[in-house]
>>> print(open('protein05.txt').read())   # compact mmCIF, C-alpha atoms
# COMPACT_ATOMS: atom_id res chain seq x y z
CA MET A 1 0.00 0.00 0.00
CA LYS A 2 1.22 3.48 -0.88
CA ILE A 3 1.41 6.46 1.49
CA LEU A 4 2.29 10.11 0.85
CA LEU A 5 3.93 11.91 3.79
CA VAL A 6 4.08 15.71 3.54
CA ASP A 7 6.01 17.43 6.34
CA ASP A 8 8.92 19.89 6.39
CA GLU A 9 10.50 18.51 9.59
CA SER A 10 13.15 15.94 8.64
CA GLU A 11 13.48 14.88 12.28
CA LEU A 12 9.92 13.55 11.94
CA THR A 13 9.83 12.36 8.32
CA GLU A 14 13.03 10.28 8.50
CA PRO A 15 12.08 8.02 11.45
CA LEU A 16 8.45 7.87 10.35
CA THR A 17 9.45 6.82 6.83
CA ARG A 18 11.66 4.11 8.34
CA VAL A 19 8.83 2.79 10.50
CA LEU A 20 6.30 2.82 7.65
CA SER A 21 8.73 1.13 5.26
CA ARG A 22 9.55 -1.48 7.91
CA GLU A 23 5.83 -2.29 8.08
CA GLY A 24 5.78 -2.90 4.32
CA TYR A 25 4.30 0.39 3.09
CA GLN A 26 5.67 2.27 0.08
CA VAL A 27 6.30 5.88 1.15
CA ASP A 28 6.73 9.06 -0.88
CA VAL A 29 7.87 12.17 0.99
CA ALA A 30 7.50 15.87 0.20
CA ASP A 31 8.76 18.76 2.34
CA ASN A 32 6.45 21.50 1.07
CA GLY A 33 2.77 21.81 0.37
CA LYS A 34 2.97 22.61 -3.33
CA VAL A 35 4.99 19.49 -4.18
CA GLY A 36 2.82 17.40 -1.86
CA TYR A 37 -0.35 18.63 -3.55
CA GLN A 38 1.03 17.88 -7.02
CA LEU A 39 2.06 14.36 -5.98
CA ALA A 40 -1.36 13.69 -4.45
CA LEU A 41 -3.05 14.99 -7.58
CA VAL A 42 -1.21 12.84 -10.14
CA ASN A 43 -0.52 9.65 -8.15
CA SER A 44 -2.73 7.05 -6.56
CA TYR A 45 -2.21 6.79 -2.78
CA ASP A 46 -3.97 4.75 -0.13
CA LEU A 47 -3.32 7.38 2.56
CA LEU A 48 -2.08 10.97 2.84
CA ILE A 49 -0.31 12.12 6.02
CA LEU A 50 -0.25 15.93 5.93
CA ASP A 51 1.29 18.41 8.33
CA TRP A 52 -0.96 21.41 8.91
CA MET A 53 1.77 24.09 8.75
CA LEU A 54 3.70 23.72 5.48
CA PRO A 55 5.53 26.08 3.11
CA GLN A 56 3.42 27.29 0.14
CA TYR A 57 0.23 25.22 0.75
CA THR A 58 -0.92 24.18 4.21
CA GLY A 59 -2.13 20.66 4.87
CA VAL A 60 -5.66 22.02 5.24
CA GLU A 61 -5.44 23.75 1.86
CA ILE A 62 -4.15 20.56 0.22
CA CYS A 63 -7.04 18.62 1.70
CA GLN A 64 -9.62 21.20 0.60
CA GLN A 65 -8.26 21.31 -2.96
CA LEU A 66 -8.19 17.52 -3.30
CA ARG A 67 -11.73 17.14 -1.96
CA SER A 68 -12.99 19.83 -4.35
CA GLN A 69 -11.56 17.80 -7.23
CA GLY A 70 -13.29 14.60 -6.15
CA LYS A 71 -10.26 12.93 -4.51
CA HIS A 72 -11.39 10.87 -1.53
CA THR A 73 -8.07 9.39 -0.38
CA PRO A 74 -8.05 9.14 3.46
CA VAL A 75 -6.16 12.03 5.10
CA LEU A 76 -4.43 12.05 8.48
CA LEU A 77 -3.67 15.62 9.55
CA LEU A 78 -0.68 16.29 11.84
CA THR A 79 -0.58 19.55 13.79
CA ALA A 80 0.49 21.35 16.93
CA LYS A 81 -2.92 23.08 16.98
CA ASP A 82 -5.01 21.43 19.67
CA THR A 83 -8.08 23.57 20.29
CA VAL A 84 -11.57 22.28 19.49
CA ASP A 85 -11.96 24.98 16.81
CA ASP A 86 -8.74 23.81 15.13
CA ARG A 87 -9.88 20.19 15.12
CA VAL A 88 -13.24 21.17 13.70
CA MET A 89 -11.54 23.24 10.98
CA GLY A 90 -9.30 20.33 9.98
CA LEU A 91 -12.14 17.83 9.86
CA ASP A 92 -14.40 20.26 8.00
CA ALA A 93 -11.64 20.65 5.40
CA GLY A 94 -12.03 16.95 4.64
CA ALA A 95 -9.47 15.29 6.90
CA ASP A 96 -10.46 11.84 8.15
CA ASP A 97 -8.38 11.94 11.32
CA TYR A 98 -6.34 14.40 13.32
CA LEU A 99 -3.25 13.88 15.50
CA VAL A 100 -1.72 16.53 17.74
CA LYS A 101 2.07 16.90 17.99
CA PRO A 102 4.01 15.64 19.84
CA PHE A 103 2.62 12.12 19.54
CA GLU A 104 3.75 8.54 20.10
CA LEU A 105 4.70 6.77 16.88
CA ARG A 106 2.75 3.69 17.95
CA GLU A 107 -0.43 5.82 18.18
CA LEU A 108 0.23 7.23 14.71
CA MET A 109 0.74 3.71 13.35
CA ALA A 110 -2.55 2.58 14.90
CA ARG A 111 -4.34 5.45 13.19
CA VAL A 112 -2.58 4.65 9.90
CA ARG A 113 -3.76 1.03 10.09
CA ALA A 114 -7.32 2.14 10.90
CA LEU A 115 -7.45 4.55 7.94
CA LEU A 116 -5.90 2.03 5.54
CA ARG A 117 -8.60 -0.49 6.41
CA ARG A 118 -10.97 1.84 4.55
CA SER A 119 -8.94 1.46 1.36
CA PRO A 120 -10.43 -0.80 -1.35
CA SER A 121 -6.99 -2.40 -1.77
CA PHE A 122 -6.63 -3.32 1.90
CA GLU A 123 -7.58 -6.98 1.52
CA ALA A 124 -6.25 -7.31 -2.01
CA ILE A 125 -2.54 -7.31 -1.15
CA PRO A 126 -1.64 -9.80 1.60
CA THR A 127 1.88 -9.55 3.01
CA PRO A 128 3.99 -12.22 1.26
CA LYS A 129 5.46 -14.93 3.49
CA LEU A 130 9.22 -15.14 3.87
CA LYS A 131 11.12 -18.43 3.60
CA VAL A 132 14.80 -19.09 4.27
CA ALA A 133 16.16 -22.65 4.65
CA ASP A 134 13.44 -24.57 6.53
CA LEU A 135 12.00 -21.50 8.29
CA GLU A 136 8.87 -19.74 7.05
CA LEU A 137 7.48 -16.50 8.50
CA ASP A 138 3.83 -15.47 8.27
CA ARG A 139 4.06 -11.78 9.15
CA ASP A 140 0.34 -11.06 9.00
CA ASN A 141 -0.41 -13.62 11.72
CA GLN A 142 2.90 -13.25 13.64
CA VAL A 143 3.71 -16.96 13.34
CA ALA A 144 6.89 -18.74 12.22
CA TYR A 145 6.99 -22.37 11.04
CA ARG A 146 9.92 -24.75 11.09
CA GLN A 147 9.71 -28.45 10.24
CA GLY A 148 5.98 -28.48 10.94
CA ARG A 149 6.24 -26.64 14.25
CA GLY A 150 4.46 -23.30 14.64
CA MET A 151 5.80 -20.54 16.91
CA ASN A 152 3.88 -17.44 17.99
CA LEU A 153 6.01 -14.28 17.86
CA SER A 154 5.71 -10.84 19.38
CA GLU A 155 5.48 -7.83 17.06
CA LYS A 156 9.10 -6.87 17.74
CA GLU A 157 10.27 -10.46 17.16
CA VAL A 158 8.49 -10.41 13.80
CA GLN A 159 10.24 -7.16 12.88
CA LEU A 160 13.65 -8.57 13.83
CA LEU A 161 13.12 -11.89 12.07
CA THR A 162 11.79 -10.12 8.96
CA TYR A 163 14.93 -8.02 8.73
CA LEU A 164 17.20 -11.05 9.20
CA MET A 165 15.32 -13.13 6.62
CA GLN A 166 15.37 -10.31 4.07
CA HIS A 167 19.19 -10.31 4.26
CA PRO A 168 20.25 -13.99 4.43
CA GLY A 169 23.98 -14.58 4.67
CA GLN A 170 24.75 -10.89 5.23
CA LEU A 171 26.46 -9.44 8.28
CA LEU A 172 23.98 -7.04 9.87
CA THR A 173 25.65 -4.77 12.38
CA HIS A 174 24.18 -3.86 15.74
CA GLU A 175 23.70 -0.29 14.52
CA GLN A 176 21.87 -1.39 11.36
CA ILE A 177 19.48 -3.53 13.38
CA TYR A 178 18.85 -0.79 15.94
CA GLN A 179 18.05 1.69 13.16
CA GLN A 180 15.68 -0.79 11.55
CA LEU A 181 13.77 -1.78 14.69
CA TRP A 182 13.66 1.40 16.75
CA THR A 183 13.18 5.08 16.03
CA ASP A 184 15.49 7.79 17.33
CA GLN A 185 12.84 8.76 19.87
CA GLU A 186 12.66 5.27 21.40
CA GLN A 187 16.41 4.97 22.19
CA PRO A 188 16.52 1.49 23.80
CA ASN A 189 19.45 0.61 26.04
CA SER A 190 22.32 -1.52 24.77
CA ASN A 191 20.94 -4.77 26.27
CA VAL A 192 17.59 -4.69 24.48
CA LEU A 193 18.77 -6.16 21.17
CA ALA A 194 20.71 -9.00 22.85
CA ALA A 195 17.67 -9.87 25.00
CA LEU A 196 15.34 -9.81 21.98
CA MET A 197 17.75 -12.00 20.02
CA ARG A 198 17.86 -14.56 22.85
CA LEU A 199 14.07 -14.77 22.95
CA LEU A 200 13.87 -15.22 19.18
CA ARG A 201 16.57 -17.92 19.17
CA ARG A 202 14.74 -19.92 21.82
CA LYS A 203 11.69 -20.04 19.60
CA ILE A 204 13.16 -20.77 16.18
CA GLU A 205 16.35 -22.74 16.85
CA ALA A 206 15.12 -25.94 18.50
CA GLU A 207 15.80 -27.68 15.16
CA GLY A 208 19.23 -26.11 14.67
CA THR A 209 21.10 -22.81 14.57
CA LEU A 210 20.03 -20.12 12.10
CA ILE A 211 21.30 -16.93 13.75
CA TYR A 212 25.07 -16.63 14.05
CA THR A 213 26.79 -14.05 16.25
CA VAL A 214 29.69 -12.16 14.69
CA TYR A 215 31.36 -11.05 17.91
CA GLY A 216 31.84 -7.34 18.29
CA LYS A 217 29.98 -6.61 15.05
CA GLY A 218 26.50 -8.07 14.75
CA TYR A 219 24.64 -11.11 13.42
CA ARG A 220 24.36 -13.24 10.29
CA PHE A 221 21.23 -15.25 9.43
CA GLY A 222 20.98 -18.52 7.49
CA GLU A 223 22.53 -21.93 7.23
CA PRO A 224 26.36 -22.16 7.25
CA GLY A 225 27.92 -21.83 3.81
>>> encode(input="protein05.txt", output="structure tokens")
Amino acid sequence: MKILLVDDESELTEPLTRVLSREGYQVDVADNGKVGYQLALVNSYDLLILDWMLPQYTGVEICQQLRSQGKHTPVLLLTAKDTVDDRVMGLDAGADDYLVKPFELRELMARVRALLRRSPSFEAIPTPKLKVADLELDRDNQVAYRQGRGMNLSEKEVQLLTYLMQHPGQLLTHEQIYQQLWTDQEQPNSNVLAALMRLLRRKIEAEGTLIYTVYGKGYRFGEPG
């Protein structure tokens, strides 16, 4: 599914783009309202995430213009404005949802998922399963299978295993994995990745090792050789 993110704050767009991409969404980014409006006008998106205060066109103006031209793509409006009048103005402009800054990324992601469920293409594109060696990962249902044995995984375990399976045989450094799994705002301590890796290994390695530690550097996934 395809999302357009329009915001002029790179400290927000960069981690948010990472999180959305990690969840399997295709993300286009614009840092001013005019470019964002043009992209929304000529491309087909499943969701628009628009900051209210933007150079050239505001998020509200983009929304109004698109609605006047018959575009009904769901819109999530991001803003520091938090009065009732502001919320009413945003919703009256055609926004489907409204989120006040600063916000938790997990709340934003929940709102993204809720809005995308309204898209006609929501059910049409299931997340493809990943398979490496004798391990298969069903990301939609958070289950891994190995030699006929099913293992329930947490959301973070699914994210970690997805990243490992998408790069079989490659050395993934600690820093690369941290950047993939956590945003700059979350800043987990240095023991979190090791603890998560131990939990994942206990679940998937009863039939043999798949995750190899490269001491002082990171991890490599897949069968030896």
>>> atom_distance(input="protein05.txt", atom1="CA of Ile3 in chain A", atom2="CA of Leu20 in chain A")
8.7 Å
>>> closest_atom_pairs(input="protein05.txt", of="range 153-216 of chain A", to="range 125-147 of chain A", cutoff="7 Å", atoms="only C-alpha atoms", output="JSON lines")
{"residue": "A:Leu153", "atom": "CA", "partner": "A:Gln142", "partner_atom": "CA", "distance": 5.3}
{"residue": "A:Ser154", "atom": "CA", "partner": "A:Gln142", "partner_atom": "CA", "distance": 6.8}
{"residue": "A:Glu155", "atom": "CA", "partner": "A:Gln142", "partner_atom": "CA", "distance": 6.9}
{"residue": "A:Val158", "atom": "CA", "partner": "A:Gln142", "partner_atom": "CA", "distance": 6.3}
{"residue": "A:Met165", "atom": "CA", "partner": "A:Val132", "partner_atom": "CA", "distance": 6.4}
>>> write_last_selection(input="protein05.txt", atoms="C-alpha atoms", output="PDB file, in the frame of the given file")
ATOM      1  CA  LEU A 153       6.010 -14.280  17.860  1.00  0.00           C
ATOM      2  CA  SER A 154       5.710 -10.840  19.380  1.00  0.00           C
ATOM      3  CA  GLU A 155       5.480  -7.830  17.060  1.00  0.00           C
ATOM      4  CA  VAL A 158       8.490 -10.410  13.800  1.00  0.00           C
ATOM      5  CA  MET A 165      15.320 -13.130   6.620  1.00  0.00           C
TER       6      MET A 165
END
>>> residues_near_point(input="protein05.txt", point="(4.3, 3.4, 16.1)", cutoff="12 Å", atoms="all atoms listed in the file", output="JSON list (two decimals) with C-alpha atoms, in the frame of the given file")
[["chain", "number", "residue", "atom", "x", "y", "z"],
["A", 15, "PRO", "CA", 12.08, 8.02, 11.45],
["A", 16, "LEU", "CA", 8.45, 7.87, 10.35],
["A", 17, "THR", "CA", 9.45, 6.82, 6.83],
["A", 18, "ARG", "CA", 11.66, 4.11, 8.34],
["A", 19, "VAL", "CA", 8.83, 2.79, 10.50],
["A", 20, "LEU", "CA", 6.30, 2.82, 7.65],
["A", 21, "SER", "CA", 8.73, 1.13, 5.26],
["A", 22, "ARG", "CA", 9.55, -1.48, 7.91],
["A", 23, "GLU", "CA", 5.83, -2.29, 8.08],
["A", 103, "PHE", "CA", 2.62, 12.12, 19.54],
["A", 104, "GLU", "CA", 3.75, 8.54, 20.10],
["A", 105, "LEU", "CA", 4.70, 6.77, 16.88],
["A", 106, "ARG", "CA", 2.75, 3.69, 17.95],
["A", 107, "GLU", "CA", -0.43, 5.82, 18.18],
["A", 108, "LEU", "CA", 0.23, 7.23, 14.71],
["A", 109, "MET", "CA", 0.74, 3.71, 13.35],
["A", 110, "ALA", "CA", -2.55, 2.58, 14.90],
["A", 111, "ARG", "CA", -4.34, 5.45, 13.19],
["A", 112, "VAL", "CA", -2.58, 4.65, 9.90],
["A", 113, "ARG", "CA", -3.76, 1.03, 10.09],
["A", 155, "GLU", "CA", 5.48, -7.83, 17.06],
["A", 156, "LYS", "CA", 9.10, -6.87, 17.74],
["A", 181, "LEU", "CA", 13.77, -1.78, 14.69],
["A", 182, "TRP", "CA", 13.66, 1.40, 16.75],
["A", 183, "THR", "CA", 13.18, 5.08, 16.03],
["A", 185, "GLN", "CA", 12.84, 8.76, 19.87],
["A", 186, "GLU", "CA", 12.66, 5.27, 21.40]]
>>> closest_residue(input="protein05.txt", among="A:Glu157, A:Asp28, A:Asp51, A:Asp85", to="Leu99 in chain A", atoms="only C-alpha atoms")
A:Asp51
>>> closest_residue(input="protein05.txt", among="A:Thr162, A:Val42, A:Pro55, A:Lys71", to="Gly24 in chain A", atoms="all atoms listed in the file")
A:Thr162
